[in-house]
$ cat model02.tsv   # TSV, C-alpha atoms
chain	number	residue	atom	x	y	z
A	16	MET	CA	-21.80	-7.21	-14.05
A	17	ARG	CA	-21.73	-6.40	-10.31
A	18	THR	CA	-18.92	-4.26	-9.01
A	19	VAL	CA	-17.50	-3.85	-5.54
A	20	TYR	CA	-19.39	-0.55	-5.38
A	21	ASP	CA	-22.71	-2.32	-5.97
A	22	ASP	CA	-21.92	-4.26	-2.80
A	23	VAL	CA	-20.97	-1.04	-0.99
A	24	VAL	CA	-24.30	0.58	-1.88
A	25	GLU	CA	-26.20	-2.54	-0.80
A	26	ARG	CA	-24.42	-2.62	2.58
A	27	LEU	CA	-24.96	1.10	3.16
A	28	GLU	CA	-28.66	0.66	2.42
A	29	GLN	CA	-28.64	-2.00	5.15
A	30	GLU	CA	-27.13	0.60	7.53
A	31	GLU	CA	-23.76	-1.19	7.68
A	32	CYS	CA	-20.30	0.37	7.75
A	33	LEU	CA	-17.51	-1.19	5.75
A	34	ALA	CA	-13.97	-0.62	4.59
A	35	VAL	CA	-12.85	-0.57	0.97
A	36	ALA	CA	-9.14	-1.36	0.76
A	37	THR	CA	-7.63	-0.37	-2.60
A	38	VAL	CA	-4.07	-0.88	-3.81
A	39	ILE	CA	-2.93	2.64	-4.73
A	40	GLN	CA	0.73	1.89	-5.41
A	41	ALA	CA	2.66	-1.29	-6.21
A	42	ARG	CA	6.45	-1.26	-6.32
A	43	GLY	CA	8.56	-4.24	-7.30
A	44	SER	CA	7.08	-7.71	-7.48
A	45	THR	CA	3.61	-7.75	-5.89
A	46	PRO	CA	0.64	-10.15	-5.96
A	47	GLN	CA	-1.79	-7.50	-7.23
A	48	LYS	CA	-1.76	-4.34	-9.29
A	49	VAL	CA	-2.99	-0.81	-8.58
A	50	GLY	CA	-6.78	-0.78	-8.34
A	51	ALA	CA	-7.23	-4.22	-6.75
A	52	LYS	CA	-9.86	-4.06	-4.00
A	53	LEU	CA	-10.81	-5.88	-0.82
A	54	LEU	CA	-14.09	-5.12	0.94
A	55	VAL	CA	-14.04	-5.69	4.71
A	56	HIS	CA	-17.36	-5.84	6.56
A	57	GLU	CA	-17.79	-4.97	10.24
A	58	ASN	CA	-18.33	-8.66	11.03
A	59	GLY	CA	-14.90	-9.44	9.49
A	60	ARG	CA	-16.23	-10.98	6.27
A	61	THR	CA	-14.33	-10.04	3.12
A	62	GLN	CA	-15.01	-9.80	-0.61
A	63	GLY	CA	-12.42	-9.46	-3.35
A	64	THR	CA	-8.67	-9.75	-2.93
A	65	ILE	CA	-5.54	-7.67	-2.83
A	66	GLY	CA	-3.14	-10.58	-2.87
A	67	GLY	CA	-4.03	-13.24	-0.31
A	68	GLY	CA	-1.84	-14.67	2.43
A	69	CYS	CA	0.07	-12.38	4.76
A	70	VAL	CA	-0.69	-9.31	2.61
A	71	GLU	CA	-4.41	-9.77	2.97
A	72	ALA	CA	-4.14	-10.65	6.66
A	73	GLU	CA	-2.22	-7.43	7.37
A	74	VAL	CA	-4.66	-5.27	5.41
A	75	TRP	CA	-7.65	-7.03	7.03
A	76	LYS	CA	-6.20	-6.25	10.47
A	77	GLU	CA	-5.69	-2.59	9.53
A	78	ALA	CA	-9.15	-2.38	7.94
A	79	THR	CA	-10.92	-3.77	11.00
A	80	ALA	CA	-9.02	-1.28	13.20
A	81	ALA	CA	-10.00	1.54	10.82
A	82	LEU	CA	-13.64	0.41	11.01
A	83	ARG	CA	-13.56	0.51	14.81
A	84	ALA	CA	-12.03	4.00	14.72
A	85	ARG	CA	-14.30	5.11	11.84
A	86	ALA	CA	-11.21	6.64	10.22
A	87	SER	CA	-9.72	5.99	6.79
A	88	ARG	CA	-5.98	5.38	6.55
A	89	VAL	CA	-3.11	4.48	4.24
A	90	VAL	CA	-0.95	1.45	5.01
A	91	GLU	CA	2.19	0.09	3.43
A	92	VAL	CA	2.83	-3.64	3.23
A	93	ASP	CA	6.45	-4.67	2.73
A	94	LEU	CA	6.80	-7.98	0.87
A	95	ASN	CA	10.54	-8.37	1.49
A	96	ASP	CA	10.30	-9.99	4.93
A	97	ASP	CA	11.54	-13.60	4.75
A	98	VAL	CA	10.40	-14.29	8.33
A	99	MET	CA	6.74	-13.93	7.36
A	100	GLY	CA	7.23	-15.71	4.04
A	101	ASP	CA	6.48	-12.55	2.06
A	102	VAL	CA	9.12	-13.06	-0.59
A	103	CYS	CA	7.51	-11.31	-3.56
A	104	GLY	CA	10.10	-8.59	-3.15
A	105	GLY	CA	7.86	-5.53	-3.51
A	106	THR	CA	5.79	-3.09	-1.53
A	107	LEU	CA	2.06	-2.36	-1.69
A	108	THR	CA	0.49	0.89	-0.55
A	109	VAL	CA	-3.18	0.45	0.31
A	110	PHE	CA	-5.82	3.08	0.98
A	111	ILE	CA	-8.43	1.86	3.45
A	112	ASP	CA	-11.54	3.98	2.95
A	113	ILE	CA	-14.30	3.79	5.55
A	114	TRP	CA	-17.85	3.98	4.17
A	115	GLN	CA	-20.73	4.72	6.54
A	116	PRO	CA	-24.47	5.11	6.00
A	117	GLU	CA	-25.64	8.71	5.79
A	118	ALA	CA	-26.82	10.15	9.06
A	119	THR	CA	-30.58	10.65	9.03
A	120	PRO	CA	-31.53	14.21	10.00
A	121	ALA	CA	-33.52	14.43	13.23
$ encode --input "model02.tsv" --output "structure tokens"
Amino acid sequence: MRTVYDDVVERLEQEECLAVATVIQARGSTPQKVGAKLLVHENGRTQGTIGGGCVEAEVWKEATAALRARASRVVEVDLNDDVMGDVCGGTLTVFIDIWQPEATPA
């Protein structure tokens, strides 16, 4: 069975950077549980899910910004906002971890 980390290793071997977004805390009613993962490639392609819809769009936006900055970050997604249609009623905390190929010594 392939895991998200099999895909990470494959991408790193291809000299690609990517972001692994992982739900690290879920409070209240949320679309996913702790441990759910979304892989975001530099070209914007994704694998996996952390909840779909506005949740995933927000995390994708943060992950692509983290990739550009080459800096990991933690983001919180509030699912109580009726304006955006996020009516689950909970909050997700997501760690966006940037993975880069190892630098080759000169």
$ residues_around --input "model02.tsv" --residues "Ile65 of chain A" --least-positions-apart "3" --cutoff "9 Å" --atoms "all atoms listed in the file" --output "PDB file with C-alpha atoms, keeping the file's coordinate frame"
ATOM      1  CA  ALA A  36      -9.140  -1.360   0.760  1.00  0.00           C
ATOM      2  CA  THR A  37      -7.630  -0.370  -2.600  1.00  0.00           C
ATOM      3  CA  VAL A  38      -4.070  -0.880  -3.810  1.00  0.00           C
ATOM      4  CA  PRO A  46       0.640 -10.150  -5.960  1.00  0.00           C
ATOM      5  CA  GLN A  47      -1.790  -7.500  -7.230  1.00  0.00           C
ATOM      6  CA  LYS A  48      -1.760  -4.340  -9.290  1.00  0.00           C
ATOM      7  CA  GLY A  50      -6.780  -0.780  -8.340  1.00  0.00           C
ATOM      8  CA  ALA A  51      -7.230  -4.220  -6.750  1.00  0.00           C
ATOM      9  CA  LYS A  52      -9.860  -4.060  -4.000  1.00  0.00           C
ATOM     10  CA  LEU A  53     -10.810  -5.880  -0.820  1.00  0.00           C
ATOM     11  CA  VAL A  70      -0.690  -9.310   2.610  1.00  0.00           C
ATOM     12  CA  GLU A  71      -4.410  -9.770   2.970  1.00  0.00           C
ATOM     13  CA  VAL A  74      -4.660  -5.270   5.410  1.00  0.00           C
TER      14      VAL A  74
END
$ axis_aligned_box --input "model02.tsv" --around "segment 36-39 of chain A" --padding-each-side "3 Å" --output "lines of an AutoDock Vina configuration file"
center_x = -6.0
center_y = 0.6
center_z = -2.0
size_x = 12.2
size_y = 10.0
size_z = 11.5
$ closest_residue --input "model02.tsv" --among "A:Ile39, A:Val55, A:Ile113, A:Ala34" --to "Val92 of chain A" --atoms "only C-alpha atoms"
A:Ile39
$ closest_residue --input "model02.tsv" --among "A:Val23, A:Ala80, A:Ala41, A:Ala72" --to "Thr106 of chain A" --atoms "only C-alpha atoms"
A:Ala41
$ closest_atom_pairs --input "model02.tsv" --of "segment 44-118 of chain A" --to "segment 25-29 of chain A" --cutoff "12 Å" --atoms "only C-alpha atoms" --output "tab-separated table"
residue	atom	partner	partner_atom	distance
A:Leu54	CA	A:Arg26	CA	10.8
A:Val55	CA	A:Arg26	CA	11.0
A:His56	CA	A:Arg26	CA	8.7
A:Glu57	CA	A:Arg26	CA	10.4
A:Ile113	CA	A:Leu27	CA	11.3
A:Trp114	CA	A:Leu27	CA	7.7
A:Gln115	CA	A:Leu27	CA	6.5
A:Pro116	CA	A:Leu27	CA	4.9
A:Glu117	CA	A:Leu27	CA	8.1
A:Ala118	CA	A:Leu27	CA	11.0
